[in-house]
$ cat work-v5.cif   # mmCIF, C-alpha atoms (C1' of nucleotides)
data_structure
loop_
_atom_site.label_atom_id
_atom_site.label_comp_id
_atom_site.auth_asym_id
_atom_site.auth_seq_id
_atom_site.Cartn_x
_atom_site.Cartn_y
_atom_site.Cartn_z
CA MET P 1 140.83 183.45 46.71
CA LYS P 2 137.64 183.03 44.77
CA GLN P 3 135.18 180.18 44.65
CA ARG P 4 135.26 178.33 41.36
CA ALA P 5 132.35 176.62 39.68
CA THR P 6 133.73 173.17 39.05
CA ARG P 7 131.80 170.23 37.67
CA GLN P 8 132.37 168.41 40.93
CA LEU P 9 130.85 171.13 43.06
CA GLY P 10 127.90 171.48 40.73
CA ALA P 11 127.21 167.77 40.52
CA LEU P 12 127.44 167.46 44.28
CA TYR P 13 124.96 170.21 44.88
CA ASP P 14 122.62 168.79 42.27
CA ALA P 15 122.77 165.39 43.92
CA LEU P 16 122.09 166.88 47.31
CA ALA P 17 119.26 169.07 46.12
CA ALA P 18 117.66 166.07 44.44
CA SER P 19 117.85 164.02 47.63
CA ARG P 20 115.11 163.75 50.12
CA ASP P 21 116.81 161.28 52.43
CA HIS P 22 119.52 163.27 54.23
CA PRO P 23 122.33 161.37 52.56
CA THR P 24 125.71 160.65 54.09
CA ALA P 25 128.93 161.71 52.38
CA GLU P 26 129.37 158.15 51.14
CA GLN P 27 125.89 158.09 49.63
CA LEU P 28 126.47 161.39 47.88
CA PHE P 29 129.78 160.03 46.63
CA GLN P 30 128.01 157.08 45.02
CA ARG P 31 125.38 159.31 43.43
CA VAL P 32 127.79 161.89 42.06
CA ARG P 33 129.93 159.07 40.79
CA ARG P 34 127.25 158.14 38.32
CA VAL P 35 127.82 161.51 36.66
CA LEU P 36 131.53 161.98 37.35
CA PRO P 37 133.02 158.51 37.75
CA ARG P 38 136.47 159.79 38.67
CA ILE P 39 135.45 162.03 41.57
CA SER P 40 137.06 161.19 44.89
CA LEU P 41 135.61 161.05 48.36
CA GLY P 42 138.06 163.72 49.50
CA THR P 43 136.54 166.11 46.99
CA ILE P 44 133.07 165.30 48.27
CA TYR P 45 134.10 166.27 51.77
CA ARG P 46 135.92 169.40 50.65
CA ASN P 47 132.96 170.56 48.63
CA LEU P 48 130.43 169.70 51.31
CA ASP P 49 132.45 171.94 53.58
CA LYS P 50 132.38 174.75 51.06
CA LEU P 51 128.66 174.45 50.65
CA ARG P 52 128.29 174.56 54.41
CA GLU P 53 130.43 177.68 54.70
CA HIS P 54 128.25 179.30 52.09
CA GLY P 55 125.11 178.32 53.94
CA ARG P 56 123.89 176.10 51.13
CA LEU P 57 123.49 173.03 53.28
CA ARG P 58 123.13 171.97 56.86
CA VAL P 59 125.02 169.19 58.56
CA VAL P 60 122.71 166.85 60.40
CA ARG P 61 124.42 164.85 63.10
CA LEU P 62 121.48 163.29 64.82
CA ALA P 63 122.67 159.78 65.62
CA GLY P 64 125.25 157.25 64.62
CA GLY P 65 128.76 157.97 63.55
CA GLU P 66 128.19 159.58 60.19
CA ALA P 67 127.18 163.09 59.35
CA ARG P 68 124.19 163.54 57.10
CA TYR P 69 123.63 166.46 54.79
CA ASP P 70 120.50 168.41 54.17
CA ALA P 71 120.09 170.94 51.36
CA MET P 72 119.18 174.16 53.11
CA THR P 73 115.63 175.10 52.49
CA ALA P 74 113.03 176.38 54.91
CA ALA P 75 113.55 175.84 58.63
CA HIS P 76 112.27 172.46 59.63
CA ASP P 77 112.69 169.82 62.29
CA HIS P 78 113.44 166.11 62.18
CA PHE P 79 112.05 162.81 63.24
CA VAL P 80 114.70 160.13 63.70
CA CYS P 81 113.89 156.46 63.85
CA ASP P 82 115.82 154.79 66.65
CA HIS P 83 115.46 151.50 64.83
CA CYS P 84 116.43 152.06 61.21
CA GLY P 85 118.08 155.47 61.50
CA ASP P 86 115.91 157.13 58.90
CA VAL P 87 115.44 160.86 59.19
CA VAL P 88 112.14 162.43 58.22
CA ASP P 89 111.58 166.13 57.74
CA LEU P 90 108.89 167.73 59.81
CA PRO P 91 107.39 171.16 59.47
CA ARG P 92 108.95 173.56 61.93
CA CYS P 93 107.38 173.10 65.33
CA GLY P 94 105.46 176.05 66.63
CA LEU P 95 106.53 178.40 69.40
CA THR P 96 109.98 179.88 69.70
CA PRO P 97 112.03 178.43 72.52
CA SER P 98 113.43 180.45 75.37
CA ALA P 99 115.86 182.36 73.18
CA ALA P 100 114.78 185.65 74.67
CA ALA P 101 116.11 184.79 78.11
CA LEU P 102 119.44 183.68 76.65
CA ARG P 103 119.77 186.84 74.60
CA ALA P 104 119.08 188.93 77.66
CA ASP P 105 121.93 187.06 79.30
CA GLY P 106 124.50 187.94 76.63
CA TYR P 107 124.17 185.00 74.25
CA GLU P 108 123.67 185.28 70.52
CA VAL P 109 121.12 182.77 69.29
CA HIS P 110 121.36 182.13 65.57
CA TRP P 111 119.01 179.24 65.02
CA HIS P 112 117.52 176.19 66.60
CA THR P 113 116.10 172.86 65.71
CA THR P 114 114.09 170.14 67.33
CA ALA P 115 114.56 166.43 66.86
CA LEU P 116 111.93 163.86 67.77
CA TYR P 117 113.04 160.28 68.38
CA GLY P 118 111.03 157.10 68.23
CA VAL P 119 110.14 154.32 65.83
CA CYS P 120 108.97 155.09 62.33
CA LYS P 121 105.88 153.72 60.68
CA ARG P 122 107.77 151.21 58.60
CA CYS P 123 109.66 149.78 61.57
CA THR P 124 106.58 149.73 63.76
CA SER P 125 104.78 147.45 61.34
CA SER P 126 107.70 145.09 60.75
CA HIS P 127 108.62 145.01 64.42
CA ARG P 128 106.25 142.36 65.71
CA GLY P 129 107.58 140.84 68.91
CA ARG P 130 111.28 140.65 68.33
CA GLY P 131 111.79 139.53 64.75
CA ALA P 132 114.20 140.97 62.25
CA GLY P 133 112.12 143.22 60.02
CA VAL P 134 114.17 146.28 59.22
CA ALA P 135 117.76 145.98 60.36
CA PRO P 136 118.89 148.54 62.90
CA ARG P 137 121.28 150.91 61.25
CA GLY P 138 123.23 152.85 63.85
CA ARG P 139 123.67 150.13 66.44
CA ARG P 140 125.50 152.43 68.81
CA ALA P 141 125.35 156.00 69.92
CA GLN P 142 121.79 157.09 70.10
CA ALA P 143 122.09 160.81 69.97
CA VAL P 144 120.40 164.09 70.73
CA MET V 1 123.81 137.36 81.29
CA LYS V 2 123.68 139.63 84.27
CA GLN V 3 125.07 143.07 84.75
CA ARG V 4 127.91 143.19 87.23
CA ALA V 5 128.71 146.09 89.53
CA THR V 6 132.37 146.66 88.80
CA ARG V 7 134.50 149.46 90.20
CA GLN V 8 134.97 150.75 86.67
CA LEU V 9 131.27 151.05 85.96
CA GLY V 10 130.65 152.72 89.31
CA ALA V 11 133.47 155.20 88.97
CA LEU V 12 132.36 156.06 85.46
CA TYR V 13 128.83 156.77 86.50
CA ASP V 14 130.02 158.81 89.46
CA ALA V 15 132.24 160.88 87.20
CA LEU V 16 129.41 161.44 84.77
CA ALA V 17 126.89 162.31 87.44
CA ALA V 18 129.33 164.80 88.93
CA SER V 19 129.85 166.50 85.56
CA ARG V 20 127.94 169.44 84.41
CA ASP V 21 129.79 169.93 81.14
CA HIS V 22 128.59 167.10 78.87
CA PRO V 23 131.99 165.43 78.81
CA THR V 24 133.39 163.42 75.93
CA ALA V 25 134.55 159.83 76.38
CA GLU V 26 138.13 161.06 76.54
CA GLN V 27 137.31 163.58 79.27
CA LEU V 28 135.53 160.93 81.30
CA PHE V 29 138.53 158.66 80.79
CA GLN V 30 140.82 161.30 82.30
CA ARG V 31 138.50 161.89 85.24
CA VAL V 32 137.93 158.23 86.06
CA ARG V 33 141.65 157.68 85.73
CA ARG V 34 142.24 159.80 88.80
CA VAL V 35 140.36 157.14 90.77
CA LEU V 36 141.28 154.03 88.79
CA PRO V 37 144.58 154.77 87.09
CA ARG V 38 144.67 151.51 85.15
CA ILE V 39 141.25 151.82 83.50
CA SER V 40 141.32 151.75 79.71
CA LEU V 41 139.46 153.80 77.16
CA GLY V 42 137.89 150.66 75.76
CA THR V 43 136.28 150.02 79.12
CA ILE V 44 134.98 153.58 79.20
CA TYR V 45 133.25 153.04 75.88
CA ARG V 46 131.89 149.63 76.83
CA ASN V 47 130.47 150.95 80.06
CA LEU V 48 129.07 154.10 78.51
CA ASP V 49 127.20 151.83 76.15
CA LYS V 50 125.84 149.79 79.03
CA LEU V 51 124.68 152.88 80.84
CA ARG V 52 122.96 154.02 77.68
CA GLU V 53 121.20 150.69 77.22
CA HIS V 54 119.97 150.98 80.77
CA GLY V 55 118.73 154.50 80.19
CA ARG V 56 121.12 156.02 82.68
CA LEU V 57 122.65 158.47 80.27
CA ARG V 58 121.96 160.19 77.02
CA VAL V 59 124.36 160.52 74.12
CA VAL V 60 124.58 164.08 72.90
CA ARG V 61 125.90 164.41 69.38
CA LEU V 62 125.29 168.05 68.69
CA ALA V 63 128.32 169.11 66.68
CA GLY V 64 131.85 168.06 65.93
CA GLY V 65 133.14 164.56 65.66
CA GLU V 66 132.90 163.44 69.25
CA ALA V 67 129.94 162.18 71.19
CA ARG V 68 129.20 163.83 74.50
CA TYR V 69 127.48 162.19 77.43
CA ASP V 70 124.83 163.57 79.66
CA ALA V 71 123.68 161.90 82.87
CA MET V 72 119.98 161.36 82.40
CA THR V 73 117.99 163.65 84.59
CA ALA V 74 114.96 165.72 83.80
CA ALA V 75 114.14 166.50 80.19
CA HIS V 76 116.02 169.56 79.08
CA ASP V 77 117.32 171.22 75.95
CA HIS V 78 120.71 172.51 74.91
CA PHE V 79 122.43 175.65 73.78
CA VAL V 80 125.55 174.96 71.72
CA CYS V 81 128.19 177.59 71.10
CA ASP V 82 129.26 177.52 67.46
CA HIS V 83 132.52 179.12 68.49
CA CYS V 84 133.89 177.18 71.46
CA GLY V 85 131.66 174.13 71.29
CA ASP V 86 130.40 174.42 74.84
CA VAL V 87 127.04 172.92 75.59
CA VAL V 88 124.77 174.58 78.13
CA ASP V 89 121.68 172.99 79.61
CA LEU V 90 118.45 174.87 79.19
CA PRO V 91 115.15 174.24 80.88
CA ARG V 92 112.88 172.28 78.59
CA CYS V 93 111.48 174.66 76.01
CA GLY V 94 107.77 175.17 76.18
CA LEU V 95 107.05 174.07 72.68
CA THR V 96 105.18 170.87 72.14
CA PRO V 97 106.22 169.57 68.78
CA SER V 98 103.87 168.05 66.28
CA ALA V 99 104.08 164.61 67.85
CA ALA V 100 100.33 164.13 67.73
CA ALA V 101 100.25 164.22 63.95
CA LEU V 102 103.09 161.73 63.72
CA ARG V 103 101.42 159.36 66.17
CA ALA V 104 98.23 159.54 64.19
CA ASP V 105 100.30 158.51 61.19
CA GLY V 106 101.67 155.34 62.80
CA TYR V 107 104.90 156.59 64.33
CA GLU V 108 105.94 156.02 67.92
CA VAL V 109 107.42 159.15 69.43
CA HIS V 110 109.52 158.47 72.51
CA TRP V 111 111.12 161.76 73.24
CA HIS V 112 112.39 164.93 71.69
CA THR V 113 114.89 167.65 72.27
CA THR V 114 115.65 171.09 70.98
CA ALA V 115 119.09 172.51 70.36
CA LEU V 116 119.75 176.22 70.03
CA TYR V 117 122.90 177.33 68.24
CA GLY V 118 124.75 180.60 68.47
CA VAL V 119 127.61 182.23 70.33
CA CYS V 120 127.87 181.98 74.08
CA LYS V 121 128.37 184.83 76.49
CA ARG V 122 132.03 184.12 77.03
CA CYS V 123 132.81 184.00 73.32
CA THR V 124 130.74 187.06 72.57
CA SER V 125 132.81 189.17 74.93
CA SER V 126 136.19 187.86 73.78
CA HIS V 127 135.21 187.99 70.13
CA ARG V 128 135.89 191.61 69.34
CA GLY V 129 136.56 192.08 65.64
CA ARG V 130 138.60 189.05 64.70
CA GLY V 131 141.05 188.36 67.52
CA ALA V 132 141.80 185.01 69.07
CA GLY V 133 139.83 185.00 72.29
CA VAL V 134 138.47 181.51 72.79
CA ALA V 135 139.71 179.06 70.22
CA PRO V 136 137.04 177.41 68.09
CA ARG V 137 136.73 173.79 69.09
CA GLY V 138 134.95 171.86 66.40
CA ARG V 139 136.23 173.58 63.31
CA ARG V 140 134.20 171.42 60.96
CA ALA V 141 130.80 169.89 60.86
CA GLN V 142 128.36 172.24 62.39
CA ALA V 143 125.51 169.98 63.25
CA VAL V 144 121.85 169.77 64.03
"C1'" DC D 1 133.66 127.71 89.90
"C1'" DT D 2 131.34 130.15 86.22
"C1'" DT D 3 130.54 134.00 83.63
"C1'" DT D 4 131.12 138.71 82.89
"C1'" DC D 5 134.38 142.32 82.72
"C1'" DT D 6 138.92 144.38 82.05
"C1'" DG D 7 143.38 146.03 79.92
"C1'" DC D 8 145.75 146.07 75.94
"C1'" DA D 9 146.46 146.61 71.34
"C1'" DA D 10 145.00 146.12 66.89
"C1'" DA D 11 141.25 147.00 63.73
"C1'" DC D 12 137.62 149.92 61.81
"C1'" DT D 13 134.96 153.84 60.22
"C1'" DC D 14 134.52 158.34 59.05
"C1'" DT D 15 136.90 162.51 57.87
"C1'" DT D 16 140.87 165.38 56.84
"C1'" DT D 17 145.18 166.54 54.42
"C1'" DG D 18 149.78 166.81 51.58
"C1'" DC D 19 151.23 166.61 47.08
"C1'" DA D 20 151.67 166.88 42.19
"C1'" DC D 21 148.70 167.68 38.53
"C1'" DT D 22 144.44 169.76 36.20
"C1'" DC D 23 141.25 173.07 34.87
"C1'" DG D 24 138.42 177.58 35.57
"C1'" DT D 25 138.84 182.16 34.81
"C1'" DA N 1 149.32 181.96 33.11
"C1'" DC N 2 147.79 181.92 37.85
"C1'" DG N 3 145.93 179.81 41.55
"C1'" DA N 4 141.92 177.31 43.30
"C1'" DG N 5 140.34 172.63 42.82
"C1'" DT N 6 141.13 167.61 42.04
"C1'" DG N 7 142.47 162.58 42.59
"C1'" DC N 8 145.00 159.72 45.19
"C1'" DA N 9 146.74 157.78 49.04
"C1'" DA N 10 148.22 158.25 53.53
"C1'" DA N 11 147.29 160.15 58.02
"C1'" DG N 12 144.07 161.37 61.90
"C1'" DA N 13 140.32 161.30 65.10
"C1'" DG N 14 137.03 158.69 67.54
"C1'" DT N 15 135.19 154.24 68.51
"C1'" DT N 16 134.92 149.18 68.49
"C1'" DT N 17 136.62 144.49 69.28
"C1'" DG N 18 139.42 139.89 70.04
"C1'" DC N 19 141.83 137.81 73.42
"C1'" DA N 20 144.00 136.18 77.68
"C1'" DG N 21 143.86 137.06 82.29
"C1'" DA N 22 141.20 139.22 86.51
"C1'" DA N 23 137.32 139.50 89.38
"C1'" DA N 24 132.25 139.58 90.68
"C1'" DG N 25 128.55 136.56 92.16
#

$ encode --input "work-v5.cif" --output "structure tokens"
Amino acid sequence: MKQRATRQLGALYDALAASRDHPTAEQLFQRVRRVLPRISLGTIYRNLDKLREHGRLRVVRLAGGEARYDAMTAAHDHFVCDHCGDVVDLPRCGLTPSAAALRADGYEVHWHTTALYGVCKRCTSSHRGRGAGVAPRGRRAQAV
Amino acid sequence: MKQRATRQLGALYDALAASRDHPTAEQLFQRVRRVLPRISLGTIYRNLDKLREHGRLRVVRLAGGEARYDAMTAAHDHFVCDHCGDVVDLPRCGLTPSAAALRADGYEVHWHTTALYGVCKRCTSSHRGRGAGVAPRGRRAQAV
DNA sequence: CTTTCTGCAAACTCTTTGCACTCGT
DNA sequence: ACGAGTGCAAAGAGTTTGCAGAAAG
């Protein structure tokens, strides 16, 4: 009934907190593996879910098939590169959206986030004409 | 090399345009099936991808494992119910995000969208205490 | 006729889960 | 010791793809 402090959970949170790149479960798996070589991917997922339930991380599902994980810090927004899939943190955009109207209508609004989409600096420069440059990451499913 | 106007593509777009509920691929499959009973799910996915490439729809990947599709109309934002998973269209929020700063820094910003998360009206009313009410849809992976 | 598209089924990717065992507390 | 957590491997969703035949232009 009670949450235990296992090495696996600790190492996972450490890896996430040390990341600035919104890693996928697989990427976290590889990083935690360097500390705990016998950890399994199933455990990564189970512990990510626990951290989420406890509000210690946010699941970022901006584009592509995989979920990305973001250690919960201050509210912020995201820029997503349509070309390479990279996600960049942005300071929280100003102005609160029309939550007031929704609340008046019987909705509970807990939080919100904005995502900007486009082409990042790195891809813009290596994107001359048509050439390869940075390989597109999430070929399908451009998302909101 | 050229896009053909097949019955399947037409029926799919019609079904999407007639939808107001951000259907999943599976839901669109069921709806198109009523018109073309022999259509396959693979064709649904292939044609959704074509419509996306042509800018005729937007992929909405707000929460849960499945992509949802949104016929491209005016810019708008979304409210997502954490409880039942429903997605409601909102008028575009008034906030102009910090796109200017990004552009100045060498990024191309093509578009943006805001998602609000919370509990919808329907779930709020049938959510007294603990009881069943509306069943949660996407049990895992709350997303941005 | 030529080329793209379709239906089908198998393959793939990402994520979840059952089970027997391990390890925090 | 008790029970939550783990590794492993198999199962599940959701999505993609190869192929032979169908159909649009």

$ residues_around --input "work-v5.cif" --residues "D:DC21" --least-positions-apart "2" --cutoff "10 Å" --atoms "all atoms listed in the file" --output "count of residues only"
4

$ closest_atom_pairs --input "work-v5.cif" --of "chain N" --to "chain P" --cutoff "12 Å" --atoms "all atoms listed in the file" --output "CSV"
residue,atom,partner,partner_atom,distance
N:DC2,C1',P:Met1,CA,11.4
N:DG3,C1',P:Met1,CA,8.1
N:DA4,C1',P:Arg4,CA,7.0
N:DG5,C1',P:Thr6,CA,7.6
N:DT6,C1',P:Thr43,CA,6.9
N:DG7,C1',P:Ser40,CA,6.0
N:DC8,C1',P:Ser40,CA,8.1
N:DA9,C1',P:Gly42,CA,10.5
N:DG14,C1',P:Gly65,CA,9.2
N:DT15,C1',P:Gly65,CA,8.9
N:DT16,C1',P:Arg140,CA,10.0

$ write_last_selection --input "work-v5.cif" --atoms "C-alpha atoms (C1' of nucleotides)" --output "PDB file, in the coordinates of the input"
ATOM      1  C1'  DC N   2     147.790 181.920  37.850  1.00  0.00           C
ATOM      2  C1'  DG N   3     145.930 179.810  41.550  1.00  0.00           C
ATOM      3  C1'  DA N   4     141.920 177.310  43.300  1.00  0.00           C
ATOM      4  C1'  DG N   5     140.340 172.630  42.820  1.00  0.00           C
ATOM      5  C1'  DT N   6     141.130 167.610  42.040  1.00  0.00           C
ATOM      6  C1'  DG N   7     142.470 162.580  42.590  1.00  0.00           C
ATOM      7  C1'  DC N   8     145.000 159.720  45.190  1.00  0.00           C
ATOM      8  C1'  DA N   9     146.740 157.780  49.040  1.00  0.00           C
ATOM      9  C1'  DG N  14     137.030 158.690  67.540  1.00  0.00           C
ATOM     10  C1'  DT N  15     135.190 154.240  68.510  1.00  0.00           C
ATOM     11  C1'  DT N  16     134.920 149.180  68.490  1.00  0.00           C
TER      12       DT N  16
END

$ atom_distance --input "work-v5.cif" --atom1 "atom CA of P:Glu53" --atom2 "atom CA of V:Gly85"
17.0 Å

$ residues_near_point --input "work-v5.cif" --point "(123.9, 170.5, 43.1)" --cutoff "12 Å" --atoms "only C-alpha atoms (C1' of nucleotides)" --output "PyMOL selection string"
chain P and resi 5-19+28+31-32+35+44+47-48+51+56-57+70-72

$ closest_atom_pairs --input "work-v5.cif" --of "chain V" --to "chain P" --cutoff "6 Å" --atoms "only C-alpha atoms" --output "JSON lines"
{"residue": "V:Val59", "atom": "CA", "partner": "P:Ala143", "partner_atom": "CA", "distance": 4.7}
{"residue": "V:Val60", "atom": "CA", "partner": "P:Val144", "partner_atom": "CA", "distance": 4.7}
{"residue": "V:Arg61", "atom": "CA", "partner": "P:Ala143", "partner_atom": "CA", "distance": 5.3}
{"residue": "V:Cys93", "atom": "CA", "partner": "P:Pro97", "partner_atom": "CA", "distance": 5.2}
{"residue": "V:Leu95", "atom": "CA", "partner": "P:Leu95", "partner_atom": "CA", "distance": 5.5}
{"residue": "V:Pro97", "atom": "CA", "partner": "P:Cys93", "partner_atom": "CA", "distance": 5.1}
{"residue": "V:Gly106", "atom": "CA", "partner": "P:Lys121", "partner_atom": "CA", "distance": 5.0}
{"residue": "V:Tyr107", "atom": "CA", "partner": "P:Lys121", "partner_atom": "CA", "distance": 4.7}
{"residue": "V:Glu108", "atom": "CA", "partner": "P:Val119", "partner_atom": "CA", "distance": 5.0}
{"residue": "V:Val109", "atom": "CA", "partner": "P:Gly118", "partner_atom": "CA", "distance": 4.3}
{"residue": "V:His110", "atom": "CA", "partner": "P:Gly118", "partner_atom": "CA", "distance": 4.7}
{"residue": "V:Trp111", "atom": "CA", "partner": "P:Tyr117", "partner_atom": "CA", "distance": 5.4}
{"residue": "V:His112", "atom": "CA", "partner": "P:Leu116", "partner_atom": "CA", "distance": 4.1}
{"residue": "V:Thr113", "atom": "CA", "partner": "P:Ala115", "partner_atom": "CA", "distance": 5.6}
{"residue": "V:Thr114", "atom": "CA", "partner": "P:Thr114", "partner_atom": "CA", "distance": 4.1}
{"residue": "V:Ala115", "atom": "CA", "partner": "P:His112", "partner_atom": "CA", "distance": 5.5}
{"residue": "V:Leu116", "atom": "CA", "partner": "P:His112", "partner_atom": "CA", "distance": 4.1}
{"residue": "V:Tyr117", "atom": "CA", "partner": "P:Trp111", "partner_atom": "CA", "distance": 5.4}
{"residue": "V:Gly118", "atom": "CA", "partner": "P:Val109", "partner_atom": "CA", "distance": 4.3}
{"residue": "V:Val119", "atom": "CA", "partner": "P:Glu108", "partner_atom": "CA", "distance": 5.0}
{"residue": "V:Cys120", "atom": "CA", "partner": "P:Tyr107", "partner_atom": "CA", "distance": 4.8}
{"residue": "V:Lys121", "atom": "CA", "partner": "P:Tyr107", "partner_atom": "CA", "distance": 4.8}
{"residue": "V:Gln142", "atom": "CA", "partner": "P:Val59", "partner_atom": "CA", "distance": 5.9}
{"residue": "V:Ala143", "atom": "CA", "partner": "P:Val59", "partner_atom": "CA", "distance": 4.8}
{"residue": "V:Val144", "atom": "CA", "partner": "P:Val60", "partner_atom": "CA", "distance": 4.7}

$ closest_atom_pairs --input "work-v5.cif" --of "chain D" --to "chain V" --cutoff "8 Å" --atoms "all atoms listed in the file" --output "JSON lines"
{"residue": "D:DT3", "atom": "C1'", "partner": "V:Met1", "partner_atom": "CA", "distance": 7.9}
{"residue": "D:DT4", "atom": "C1'", "partner": "V:Arg4", "partner_atom": "CA", "distance": 7.0}
{"residue": "D:DC5", "atom": "C1'", "partner": "V:Thr6", "partner_atom": "CA", "distance": 7.7}
{"residue": "D:DT6", "atom": "C1'", "partner": "V:Thr43", "partner_atom": "CA", "distance": 6.9}
{"residue": "D:DG7", "atom": "C1'", "partner": "V:Ser40", "partner_atom": "CA", "distance": 6.1}

$ calpha_fit_rmsd --input "work-v5.cif" --fixed "chain P" --moving "chain V"
0.3 Å

$ atom_distance --input "work-v5.cif" --atom1 "atom CA of V:Pro37" --atom2 "atom C1' of D:DA11"
24.8 Å

$ atom_distance --input "work-v5.cif" --atom1 "atom C1' of D:DT13" --atom2 "atom C1' of N:DA10"
15.5 Å
